[in-house]
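Okay, input.cif is below, mmCIF, N, CA and C atoms:
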data_target
#
loop_
_atom_site.label_atom_id
_atom_site.label_comp_id
_atom_site.auth_asym_id
_atom_site.auth_seq_id
_atom_site.Cartn_x
_atom_site.Cartn_y
_atom_site.Cartn_z
N MET A 29 -7.01 -3.54 65.19
CA MET A 29 -7.20 -2.48 64.23
C MET A 29 -7.09 -3.00 62.80
N LEU A 30 -6.08 -3.83 62.52
CA LEU A 30 -5.92 -4.40 61.21
C LEU A 30 -7.09 -5.30 60.85
N LEU A 31 -7.59 -6.01 61.83
CA LEU A 31 -8.75 -6.88 61.61
C LEU A 31 -9.97 -6.05 61.21
N ALA A 32 -10.17 -4.92 61.86
CA ALA A 32 -11.30 -4.05 61.54
C ALA A 32 -11.18 -3.49 60.13
N LEU A 33 -9.97 -3.10 59.72
CA LEU A 33 -9.76 -2.60 58.37
C LEU A 33 -9.99 -3.68 57.33
N ALA A 34 -9.56 -4.89 57.61
CA ALA A 34 -9.77 -6.01 56.69
C ALA A 34 -11.25 -6.31 56.54
N LEU A 35 -11.99 -6.28 57.64
CA LEU A 35 -13.44 -6.51 57.59
C LEU A 35 -14.14 -5.40 56.80
N LEU A 36 -13.73 -4.17 57.04
CA LEU A 36 -14.32 -3.03 56.32
C LEU A 36 -14.07 -3.14 54.82
N GLN A 37 -12.86 -3.53 54.44
CA GLN A 37 -12.54 -3.70 53.02
C GLN A 37 -13.36 -4.83 52.42
N ALA A 38 -13.56 -5.90 53.12
CA ALA A 38 -14.34 -7.04 52.62
C ALA A 38 -15.80 -6.65 52.42
N ILE A 39 -16.32 -5.83 53.33
CA ILE A 39 -17.72 -5.41 53.23
C ILE A 39 -17.91 -4.49 52.03
N THR A 40 -17.02 -3.52 51.85
CA THR A 40 -17.18 -2.57 50.75
C THR A 40 -16.87 -3.20 49.40
N ALA A 41 -16.10 -4.29 49.35
CA ALA A 41 -15.74 -4.93 48.10
C ALA A 41 -16.78 -5.95 47.65
N ALA A 42 -17.75 -6.27 48.50
CA ALA A 42 -18.76 -7.26 48.15
C ALA A 42 -19.63 -6.73 47.02
N PRO A 43 -19.96 -7.59 46.07
CA PRO A 43 -20.82 -7.14 44.96
C PRO A 43 -22.23 -6.86 45.47
N PRO A 44 -22.93 -5.96 44.79
CA PRO A 44 -24.30 -5.67 45.21
C PRO A 44 -25.18 -6.90 45.01
N PRO A 45 -26.22 -7.02 45.82
CA PRO A 45 -27.09 -8.18 45.68
C PRO A 45 -27.79 -8.16 44.31
N VAL A 46 -28.01 -9.34 43.80
CA VAL A 46 -28.67 -9.47 42.51
C VAL A 46 -30.17 -9.30 42.72
N GLY A 47 -30.74 -8.34 42.03
CA GLY A 47 -32.17 -8.08 42.17
C GLY A 47 -32.96 -8.77 41.08
N THR A 48 -34.22 -8.47 41.05
CA THR A 48 -35.09 -9.02 40.03
C THR A 48 -34.74 -8.37 38.69
N PRO A 49 -34.54 -9.17 37.66
CA PRO A 49 -34.20 -8.57 36.36
C PRO A 49 -35.36 -7.74 35.83
N GLN A 50 -35.02 -6.77 35.02
CA GLN A 50 -36.04 -5.94 34.41
C GLN A 50 -36.89 -6.79 33.49
N PRO A 51 -38.20 -6.62 33.54
CA PRO A 51 -39.06 -7.41 32.65
C PRO A 51 -38.78 -7.07 31.19
N PRO A 52 -38.97 -8.02 30.29
CA PRO A 52 -38.76 -7.72 28.87
C PRO A 52 -39.78 -6.70 28.39
N ALA A 53 -39.37 -5.89 27.46
CA ALA A 53 -40.26 -4.86 26.93
C ALA A 53 -41.43 -5.49 26.20
N THR A 54 -42.59 -4.94 26.41
CA THR A 54 -43.78 -5.42 25.71
C THR A 54 -44.37 -4.32 24.83
N ILE A 55 -43.84 -3.12 24.93
CA ILE A 55 -44.31 -2.01 24.10
C ILE A 55 -43.14 -1.56 23.23
N PHE A 56 -43.37 -1.54 21.93
CA PHE A 56 -42.34 -1.19 20.97
C PHE A 56 -42.86 -0.09 20.06
N ALA A 57 -41.93 0.64 19.46
CA ALA A 57 -42.29 1.61 18.43
C ALA A 57 -41.30 1.47 17.28
N GLU A 58 -41.83 1.35 16.09
CA GLU A 58 -40.98 1.29 14.90
C GLU A 58 -40.29 2.64 14.72
N PRO A 59 -39.10 2.66 14.12
CA PRO A 59 -38.44 3.94 13.86
C PRO A 59 -39.34 4.92 13.10
N ALA A 60 -40.09 4.44 12.13
CA ALA A 60 -41.00 5.33 11.39
C ALA A 60 -42.06 5.92 12.31
N ALA A 61 -42.53 5.12 13.27
CA ALA A 61 -43.54 5.62 14.22
C ALA A 61 -42.95 6.70 15.12
N LEU A 62 -41.70 6.51 15.56
CA LEU A 62 -41.04 7.53 16.38
C LEU A 62 -40.88 8.83 15.59
N PHE A 63 -40.51 8.69 14.32
CA PHE A 63 -40.38 9.87 13.47
C PHE A 63 -41.72 10.58 13.34
N ILE A 64 -42.77 9.82 13.09
CA ILE A 64 -44.10 10.41 12.92
C ILE A 64 -44.51 11.14 14.20
N ALA A 65 -44.27 10.54 15.35
CA ALA A 65 -44.62 11.20 16.62
C ALA A 65 -43.88 12.53 16.77
N ALA A 66 -42.64 12.59 16.28
CA ALA A 66 -41.86 13.82 16.38
C ALA A 66 -42.39 14.92 15.46
N CYS A 67 -43.28 14.59 14.54
CA CYS A 67 -43.85 15.58 13.62
C CYS A 67 -45.02 16.33 14.23
N ASP A 68 -45.36 16.06 15.47
CA ASP A 68 -46.45 16.73 16.18
C ASP A 68 -46.02 18.14 16.56
N VAL A 69 -46.17 19.09 15.64
CA VAL A 69 -45.64 20.43 15.86
C VAL A 69 -46.44 21.25 16.86
N ASN A 70 -47.73 21.01 16.99
CA ASN A 70 -48.52 21.82 17.92
C ASN A 70 -48.58 21.22 19.33
N GLY A 71 -47.95 20.06 19.52
CA GLY A 71 -47.84 19.48 20.86
C GLY A 71 -49.13 18.96 21.46
N ASP A 72 -50.10 18.58 20.61
CA ASP A 72 -51.36 18.08 21.15
C ASP A 72 -51.39 16.56 21.30
N GLY A 73 -50.24 15.90 21.02
CA GLY A 73 -50.18 14.45 21.15
C GLY A 73 -50.84 13.71 20.00
N ARG A 74 -51.13 14.43 18.93
CA ARG A 74 -51.78 13.86 17.75
C ARG A 74 -51.04 14.37 16.52
N VAL A 75 -50.92 13.53 15.51
CA VAL A 75 -50.24 13.92 14.29
C VAL A 75 -51.21 13.81 13.13
N THR A 76 -51.40 14.91 12.41
CA THR A 76 -52.25 14.91 11.23
C THR A 76 -51.39 14.60 10.01
N GLN A 77 -52.05 14.29 8.91
CA GLN A 77 -51.33 14.06 7.66
C GLN A 77 -50.56 15.31 7.26
N ALA A 78 -51.15 16.48 7.47
CA ALA A 78 -50.47 17.75 7.13
C ALA A 78 -49.21 17.93 7.96
N GLU A 79 -49.27 17.61 9.25
CA GLU A 79 -48.09 17.73 10.10
C GLU A 79 -47.00 16.76 9.64
N LEU A 80 -47.41 15.55 9.27
CA LEU A 80 -46.44 14.57 8.80
C LEU A 80 -45.79 15.01 7.49
N THR A 81 -46.59 15.47 6.55
CA THR A 81 -46.07 15.92 5.26
C THR A 81 -45.05 17.04 5.46
N ALA A 82 -45.37 17.99 6.34
CA ALA A 82 -44.46 19.10 6.62
C ALA A 82 -43.20 18.60 7.35
N GLY A 83 -43.38 17.67 8.26
CA GLY A 83 -42.24 17.12 9.00
C GLY A 83 -41.27 16.37 8.09
N VAL A 84 -41.82 15.59 7.16
CA VAL A 84 -40.97 14.88 6.21
C VAL A 84 -40.20 15.90 5.36
N ALA A 85 -40.87 16.96 4.94
CA ALA A 85 -40.20 17.99 4.12
C ALA A 85 -39.08 18.67 4.91
N ARG A 86 -39.34 18.99 6.19
CA ARG A 86 -38.30 19.63 7.01
C ARG A 86 -37.09 18.72 7.17
N SER A 87 -37.34 17.44 7.43
CA SER A 87 -36.21 16.52 7.63
C SER A 87 -35.48 16.26 6.33
N TYR A 88 -36.21 16.13 5.23
CA TYR A 88 -35.60 15.88 3.91
C TYR A 88 -34.67 17.02 3.54
N ALA A 89 -35.06 18.23 3.86
CA ALA A 89 -34.25 19.41 3.52
C ALA A 89 -32.87 19.37 4.18
N THR A 90 -32.73 18.59 5.26
CA THR A 90 -31.43 18.51 5.94
C THR A 90 -30.48 17.51 5.28
N ALA A 91 -30.98 16.71 4.35
CA ALA A 91 -30.15 15.69 3.70
C ALA A 91 -29.21 16.34 2.70
N GLU A 92 -28.01 15.80 2.63
CA GLU A 92 -27.03 16.32 1.69
C GLU A 92 -27.53 16.10 0.25
N GLY A 93 -27.59 17.16 -0.52
CA GLY A 93 -28.04 17.09 -1.89
C GLY A 93 -29.52 17.33 -2.09
N ALA A 94 -30.27 17.51 -1.01
CA ALA A 94 -31.72 17.68 -1.13
C ALA A 94 -32.09 18.90 -1.97
N ALA A 95 -31.26 19.91 -1.95
CA ALA A 95 -31.55 21.13 -2.72
C ALA A 95 -31.56 20.86 -4.22
N THR A 96 -30.94 19.76 -4.66
CA THR A 96 -30.93 19.43 -6.09
C THR A 96 -32.22 18.73 -6.52
N GLY A 97 -33.06 18.35 -5.55
CA GLY A 97 -34.32 17.70 -5.87
C GLY A 97 -34.34 16.21 -5.62
N SER A 98 -33.18 15.60 -5.39
CA SER A 98 -33.14 14.17 -5.07
C SER A 98 -31.86 13.87 -4.32
N ILE A 99 -31.90 12.80 -3.55
CA ILE A 99 -30.72 12.38 -2.81
C ILE A 99 -30.39 10.93 -3.17
N GLY A 100 -29.12 10.60 -3.07
CA GLY A 100 -28.69 9.23 -3.33
C GLY A 100 -28.88 8.35 -2.11
N TYR A 101 -28.56 7.08 -2.26
CA TYR A 101 -28.77 6.12 -1.18
C TYR A 101 -27.87 6.39 0.02
N ILE A 102 -26.66 6.89 -0.21
CA ILE A 102 -25.78 7.19 0.92
C ILE A 102 -26.33 8.38 1.70
N ALA A 103 -26.80 9.40 1.00
CA ALA A 103 -27.41 10.54 1.68
C ALA A 103 -28.68 10.11 2.40
N PHE A 104 -29.42 9.16 1.82
CA PHE A 104 -30.61 8.64 2.49
C PHE A 104 -30.21 7.92 3.77
N ALA A 105 -29.11 7.15 3.74
CA ALA A 105 -28.64 6.46 4.94
C ALA A 105 -28.27 7.47 6.02
N ASP A 106 -27.65 8.57 5.63
CA ASP A 106 -27.34 9.63 6.59
C ASP A 106 -28.63 10.23 7.15
N TRP A 107 -29.62 10.45 6.28
CA TRP A 107 -30.92 10.96 6.73
C TRP A 107 -31.54 9.97 7.73
N ALA A 108 -31.51 8.68 7.42
CA ALA A 108 -32.09 7.67 8.31
C ALA A 108 -31.37 7.65 9.65
N GLN A 109 -30.06 7.80 9.64
CA GLN A 109 -29.30 7.83 10.89
C GLN A 109 -29.77 9.00 11.76
N ALA A 110 -29.92 10.16 11.15
CA ALA A 110 -30.31 11.35 11.89
C ALA A 110 -31.76 11.33 12.35
N TRP A 111 -32.66 10.86 11.50
CA TRP A 111 -34.09 11.00 11.77
C TRP A 111 -34.78 9.72 12.22
N LEU A 112 -34.22 8.56 11.91
CA LEU A 112 -34.83 7.29 12.32
C LEU A 112 -33.99 6.56 13.37
N GLY A 113 -32.76 7.03 13.57
CA GLY A 113 -31.92 6.46 14.61
C GLY A 113 -30.90 5.44 14.15
N ASP A 114 -30.99 5.01 12.88
CA ASP A 114 -30.06 4.01 12.38
C ASP A 114 -30.05 4.05 10.86
N ARG A 115 -28.90 3.85 10.27
CA ARG A 115 -28.78 3.85 8.81
C ARG A 115 -29.61 2.76 8.15
N ASN A 116 -29.84 1.67 8.87
CA ASN A 116 -30.56 0.53 8.31
C ASN A 116 -32.01 0.46 8.74
N ALA A 117 -32.49 1.50 9.39
CA ALA A 117 -33.89 1.51 9.83
C ALA A 117 -34.82 1.54 8.63
N LEU A 118 -35.99 0.97 8.81
CA LEU A 118 -36.99 1.00 7.74
C LEU A 118 -37.75 2.31 7.80
N PRO A 119 -38.06 2.89 6.67
CA PRO A 119 -38.05 2.30 5.35
C PRO A 119 -36.64 2.31 4.74
N SER A 120 -36.38 1.32 3.94
CA SER A 120 -35.10 1.25 3.26
C SER A 120 -35.16 2.14 2.01
N PRO A 121 -34.02 2.55 1.50
CA PRO A 121 -34.05 3.38 0.29
C PRO A 121 -34.64 2.62 -0.90
N PHE A 122 -34.53 1.30 -0.89
CA PHE A 122 -35.06 0.50 -2.01
C PHE A 122 -36.58 0.55 -2.07
N GLU A 123 -37.24 0.60 -0.91
CA GLU A 123 -38.70 0.68 -0.93
C GLU A 123 -39.20 2.10 -1.13
N VAL A 124 -38.38 3.09 -0.82
CA VAL A 124 -38.78 4.48 -1.02
C VAL A 124 -38.59 4.89 -2.48
N ASP A 125 -37.53 4.42 -3.09
CA ASP A 125 -37.20 4.77 -4.48
C ASP A 125 -38.14 4.01 -5.43
N ARG A 126 -39.33 4.53 -5.62
CA ARG A 126 -40.36 3.83 -6.38
C ARG A 126 -40.06 3.72 -7.87
N ASP A 127 -39.33 4.68 -8.43
CA ASP A 127 -39.05 4.60 -9.86
C ASP A 127 -37.73 3.89 -10.18
N GLY A 128 -37.01 3.46 -9.15
CA GLY A 128 -35.80 2.67 -9.35
C GLY A 128 -34.64 3.40 -9.99
N ASP A 129 -34.58 4.74 -9.84
CA ASP A 129 -33.48 5.49 -10.46
C ASP A 129 -32.30 5.71 -9.52
N ASN A 130 -32.31 5.03 -8.39
CA ASN A 130 -31.25 5.14 -7.38
C ASN A 130 -31.16 6.53 -6.77
N ARG A 131 -32.24 7.27 -6.82
CA ARG A 131 -32.35 8.60 -6.23
C ARG A 131 -33.68 8.66 -5.50
N ILE A 132 -33.73 9.42 -4.45
CA ILE A 132 -34.96 9.55 -3.66
C ILE A 132 -35.37 11.02 -3.65
N THR A 133 -36.59 11.25 -4.08
CA THR A 133 -37.13 12.61 -4.09
C THR A 133 -37.97 12.82 -2.83
N LEU A 134 -38.26 14.08 -2.56
CA LEU A 134 -39.15 14.40 -1.44
C LEU A 134 -40.51 13.75 -1.64
N ALA A 135 -41.03 13.80 -2.85
CA ALA A 135 -42.34 13.20 -3.13
C ALA A 135 -42.34 11.70 -2.83
N GLU A 136 -41.26 11.01 -3.18
CA GLU A 136 -41.18 9.57 -2.91
C GLU A 136 -41.16 9.31 -1.40
N LEU A 137 -40.41 10.11 -0.66
CA LEU A 137 -40.34 9.91 0.79
C LEU A 137 -41.67 10.24 1.44
N GLN A 138 -42.31 11.31 0.98
CA GLN A 138 -43.63 11.65 1.53
C GLN A 138 -44.66 10.58 1.20
N ALA A 139 -44.60 10.01 0.02
CA ALA A 139 -45.53 8.94 -0.35
C ALA A 139 -45.34 7.72 0.54
N ARG A 140 -44.10 7.37 0.85
CA ARG A 140 -43.85 6.21 1.71
C ARG A 140 -44.36 6.47 3.11
N PHE A 141 -44.16 7.68 3.62
CA PHE A 141 -44.66 7.99 4.96
C PHE A 141 -46.18 8.12 4.98
N ALA A 142 -46.78 8.48 3.86
CA ALA A 142 -48.25 8.47 3.78
C ALA A 142 -48.77 7.04 3.91
N GLN A 143 -48.02 6.07 3.36
CA GLN A 143 -48.40 4.67 3.53
C GLN A 143 -48.29 4.24 4.99
N PHE A 144 -47.22 4.66 5.66
CA PHE A 144 -47.10 4.38 7.09
C PHE A 144 -48.28 4.98 7.84
N PHE A 145 -48.60 6.24 7.51
CA PHE A 145 -49.71 6.93 8.17
C PHE A 145 -50.99 6.11 8.05
N ALA A 146 -51.28 5.66 6.84
CA ALA A 146 -52.51 4.88 6.61
C ALA A 146 -52.48 3.58 7.40
N ARG A 147 -51.33 2.94 7.48
CA ARG A 147 -51.23 1.67 8.23
C ARG A 147 -51.40 1.88 9.72
N PHE A 148 -50.80 2.93 10.27
CA PHE A 148 -50.88 3.18 11.71
C PHE A 148 -52.26 3.71 12.12
N ASP A 149 -52.97 4.37 11.23
CA ASP A 149 -54.26 4.98 11.56
C ASP A 149 -55.34 3.90 11.68
N ARG A 150 -55.32 3.20 12.81
CA ARG A 150 -56.22 2.05 13.01
C ARG A 150 -57.70 2.43 12.97
N ASP A 151 -58.04 3.58 13.53
CA ASP A 151 -59.46 3.96 13.55
C ASP A 151 -59.86 4.79 12.33
N LYS A 152 -58.91 5.02 11.43
CA LYS A 152 -59.16 5.71 10.15
C LYS A 152 -59.81 7.08 10.33
N ASP A 153 -59.36 7.81 11.38
CA ASP A 153 -59.91 9.15 11.60
C ASP A 153 -59.01 10.26 11.05
N GLY A 154 -57.91 9.89 10.39
CA GLY A 154 -57.02 10.87 9.79
C GLY A 154 -56.07 11.54 10.76
N VAL A 155 -55.99 11.01 11.98
CA VAL A 155 -55.10 11.54 13.00
C VAL A 155 -54.43 10.37 13.70
N LEU A 156 -53.13 10.48 13.94
CA LEU A 156 -52.43 9.42 14.65
C LEU A 156 -52.19 9.83 16.10
N THR A 157 -52.56 8.94 17.01
CA THR A 157 -52.28 9.14 18.43
C THR A 157 -51.09 8.29 18.81
N ARG A 158 -50.54 8.55 19.98
CA ARG A 158 -49.41 7.74 20.45
C ARG A 158 -49.82 6.28 20.57
N ALA A 159 -51.04 6.01 20.99
CA ALA A 159 -51.51 4.63 21.12
C ALA A 159 -51.49 3.90 19.78
N GLU A 160 -51.75 4.62 18.69
CA GLU A 160 -51.73 3.99 17.37
C GLU A 160 -50.30 3.77 16.87
N LEU A 161 -49.35 4.50 17.42
CA LEU A 161 -47.98 4.42 16.94
C LEU A 161 -47.13 3.38 17.66
N ILE A 162 -47.69 2.73 18.67
CA ILE A 162 -46.91 1.72 19.39
C ILE A 162 -47.44 0.33 19.08
N THR A 163 -46.60 -0.65 19.31
CA THR A 163 -46.96 -2.05 19.14
C THR A 163 -46.84 -2.70 20.50
N ILE A 164 -47.87 -3.41 20.90
CA ILE A 164 -47.85 -4.09 22.20
C ILE A 164 -47.77 -5.58 21.96
N ARG A 165 -46.79 -6.20 22.61
CA ARG A 165 -46.60 -7.65 22.50
C ARG A 165 -46.55 -8.24 23.90
N GLY A 166 -46.97 -9.49 24.00
CA GLY A 166 -46.85 -10.20 25.26
C GLY A 166 -45.44 -10.71 25.45
N ALA A 167 -45.13 -11.13 26.66
CA ALA A 167 -43.81 -11.72 26.94
C ALA A 167 -43.70 -13.04 26.18
N PRO A 168 -42.52 -13.38 25.69
CA PRO A 168 -42.34 -14.65 24.99
C PRO A 168 -42.74 -15.82 25.89
N ALA A 169 -43.27 -16.85 25.29
CA ALA A 169 -43.69 -18.03 26.06
C ALA A 169 -42.51 -18.59 26.84
N GLY A 170 -42.75 -18.87 28.11
CA GLY A 170 -41.71 -19.45 28.95
C GLY A 170 -40.66 -18.46 29.39
N ASP A 171 -40.85 -17.17 29.13
CA ASP A 171 -39.86 -16.17 29.51
C ASP A 171 -40.59 -15.00 30.16
N ARG A 172 -41.18 -15.25 31.29
CA ARG A 172 -41.92 -14.21 31.98
C ARG A 172 -40.96 -13.43 32.87
N TYR A 173 -40.80 -12.15 32.55
CA TYR A 173 -39.93 -11.26 33.29
C TYR A 173 -38.51 -11.77 33.39
N GLY A 174 -38.02 -12.35 32.31
CA GLY A 174 -36.64 -12.76 32.25
C GLY A 174 -36.33 -14.07 32.95
N ILE A 175 -37.36 -14.74 33.46
CA ILE A 175 -37.16 -16.00 34.17
C ILE A 175 -37.64 -17.13 33.27
N ARG A 176 -36.74 -17.96 32.85
CA ARG A 176 -37.08 -19.08 31.97
C ARG A 176 -37.45 -20.29 32.80
N LYS A 177 -38.39 -21.05 32.26
CA LYS A 177 -38.77 -22.29 32.94
C LYS A 177 -37.63 -23.29 32.85
N LYS A 178 -37.40 -23.99 33.93
CA LYS A 178 -36.35 -25.02 33.94
C LYS A 178 -36.89 -26.26 33.26
N ARG A 179 -36.03 -26.94 32.53
CA ARG A 179 -36.43 -28.15 31.81
C ARG A 179 -35.84 -29.36 32.42
#

The structure given in the file should be rewritten as structure tokens.
Amino acid sequence: MLLALALLQAITAAPPPVGTPQPPATIFAEPAALFIAACDVNGDGRVTQAELTAGVARSYATAEGAATGSIGYIAFADWAQAWLGDRNALPSPFEVDRDGDNRITLAELQARFAQFFARFDRDKDGVLTRAELITIRGAPAGDRYGIRKKR
């Protein structure tokens, strides 16, 4: 009986078998692209410039101090945390603050996102699809599905 219990304990304590590692990601989305995709208010899987402009305005209004007409860099970092996923996500406050007054206005933020819109709009049809908002990369050389070549 003790032998059976010892065997049972050994079986249940064994680590699970090591499986095939998950392949490295080959599809990425920039934080700005994720934000733009979230501006699709009508749910058609496409984002127009008007939807983006309205989405930026809605998100900007949630920033501390936005009612005064401009926000500081700390409030911008809080906005980036909430809407882009990280305080250090791009765009940085330095690239948004075009006049260098250490304040960010709604117009400045909308202008920066209009630049993103133009860059992502590969077919220049004035509408962004999910396919335009992602970046596809191949696996790094010598690292196919997490398996490195032996040297």

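Contact shell of Ile132 (chain A) at 12 Å (only C-alpha atoms; same-chain neighbours under 5 positions omitted): A:Tyr88, A:Ala91, A:Glu92, A:Gly93, A:Ala94, A:Thr96, A:Gly97, A:Ser98, A:Ile99, A:Gly100, A:Tyr101, A:Ile102, A:Ala103, A:Phe104, A:Ala105, A:Trp107, A:Pro119, A:Ser120, A:Pro121, A:Phe122, A:Glu123, A:Val124, A:Asp125, A:Arg126, A:Asp127, A:Leu137, A:Gln138, A:Ala139, A:Arg140.
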
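Proximity of A:Ala78, A:Ile164, A:Ala95, A:Ala89 to Ala53 (chain A), computed with only N, CA and C atoms, is greatest for A:Ile164.
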
I need the residue set behind the PyMOL selection byres ((chain A and resi 54-59) around 5) for this file; please write it as a PDB file with N, CA and C atoms, in the frame of the given file.
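Wrote out08.pdb, looks like this:
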ATOM      1  N   PRO A  52     -38.970  -8.020  30.290  1.00  0.00           N
ATOM      2  CA  PRO A  52     -38.760  -7.720  28.870  1.00  0.00           C
ATOM      3  C   PRO A  52     -39.780  -6.700  28.390  1.00  0.00           C
ATOM      4  N   ALA A  53     -39.370  -5.890  27.460  1.00  0.00           N
ATOM      5  CA  ALA A  53     -40.260  -4.860  26.930  1.00  0.00           C
ATOM      6  C   ALA A  53     -41.430  -5.490  26.200  1.00  0.00           C
ATOM      7  N   ALA A  60     -40.090   4.440  12.130  1.00  0.00           N
ATOM      8  CA  ALA A  60     -41.000   5.330  11.390  1.00  0.00           C
ATOM      9  C   ALA A  60     -42.060   5.920  12.310  1.00  0.00           C
ATOM     10  N   ALA A  61     -42.530   5.120  13.270  1.00  0.00           N
ATOM     11  CA  ALA A  61     -43.540   5.620  14.220  1.00  0.00           C
ATOM     12  C   ALA A  61     -42.950   6.700  15.120  1.00  0.00           C
ATOM     13  N   LEU A  62     -41.700   6.510  15.560  1.00  0.00           N
ATOM     14  CA  LEU A  62     -41.040   7.530  16.380  1.00  0.00           C
ATOM     15  C   LEU A  62     -40.880   8.830  15.590  1.00  0.00           C
ATOM     16  N   PHE A  63     -40.510   8.690  14.320  1.00  0.00           N
ATOM     17  CA  PHE A  63     -40.380   9.870  13.470  1.00  0.00           C
ATOM     18  C   PHE A  63     -41.720  10.580  13.340  1.00  0.00           C
ATOM     19  N   ILE A 162     -47.690   2.730  18.670  1.00  0.00           N
ATOM     20  CA  ILE A 162     -46.910   1.720  19.390  1.00  0.00           C
ATOM     21  C   ILE A 162     -47.440   0.330  19.080  1.00  0.00           C
ATOM     22  N   THR A 163     -46.600  -0.650  19.310  1.00  0.00           N
ATOM     23  CA  THR A 163     -46.960  -2.050  19.140  1.00  0.00           C
ATOM     24  C   THR A 163     -46.840  -2.700  20.500  1.00  0.00           C
ATOM     25  N   ILE A 164     -47.870  -3.410  20.900  1.00  0.00           N
ATOM     26  CA  ILE A 164     -47.850  -4.090  22.200  1.00  0.00           C
ATOM     27  C   ILE A 164     -47.770  -5.580  21.960  1.00  0.00           C
ATOM     28  N   ARG A 165     -46.790  -6.200  22.610  1.00  0.00           N
ATOM     29  CA  ARG A 165     -46.600  -7.650  22.500  1.00  0.00           C
ATOM     30  C   ARG A 165     -46.550  -8.240  23.900  1.00  0.00           C
TER      31      ARG A 165
END

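The coordinates place atom N of Val75 (chain A) at 13.5 Å from atom C of Ala142 (chain A).
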
> atom N of Cys67 (chain A) and atom N of Gly154 (chain A), how far apart in Å?
Replying inline: 15.9 Å

>> Among region 31-168 of chain A, which ones does DSSP assign to strand (DSSP E or B) (computed from the backbone)? Answer as JSON, numbers by chain.
In response: {"A": [55, 56, 74, 75, 76, 99, 132, 155, 156, 157, 163, 164]}

>> Can you pull out every residue from chain A that DSSP, working from the backbone, puts in helix (DSSP H, G or I), and format the result as JSON, numbers by chain?
In response: {"A": [30, 31, 32, 33, 34, 35, 36, 37, 38, 39, 40, 41, 59, 60, 61, 62, 63, 64, 65, 66, 77, 78, 79, 80, 81, 82, 83, 84, 85, 86, 87, 88, 94, 95, 96, 101, 102, 103, 104, 105, 106, 107, 108, 109, 110, 111, 112, 121, 122, 123, 124, 134, 135, 136, 137, 138, 139, 140, 141, 142, 143, 144, 145, 146, 147, 148, 158, 159, 160, 161]}

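Across the model, the gap from atom C of Gln50 (chain A) to atom N of Gly113 (chain A) is 24.6 Å.
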
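Distance annotation: of A:Gln77, A:Ala82, A:Ala66, A:Gly47, the residue with the minimal separation from Phe148 (chain A) is A:Gln77; atom set is only C-alpha atoms.
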
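In terms of minimum interatomic distance to Gly73 (chain A), A:Leu156 ranks closest within A:Leu156, A:Val46, A:Leu118, A:Leu161, counting only N, CA and C atoms.
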
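Residues with any atom within 8 Å of Leu80 (chain A), counting only C-alpha atoms and excluding same-chain neighbours fewer than 6 positions away, are Ile64, Cys67, Asp68 and Phe141 of chain A.
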
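When only N, CA and C atoms are used to compute distances to Trp111 (chain A), the closest of the residues A:Thr133, A:Thr81, A:Ser87, A:Asn70 turns out to be A:Ser87.
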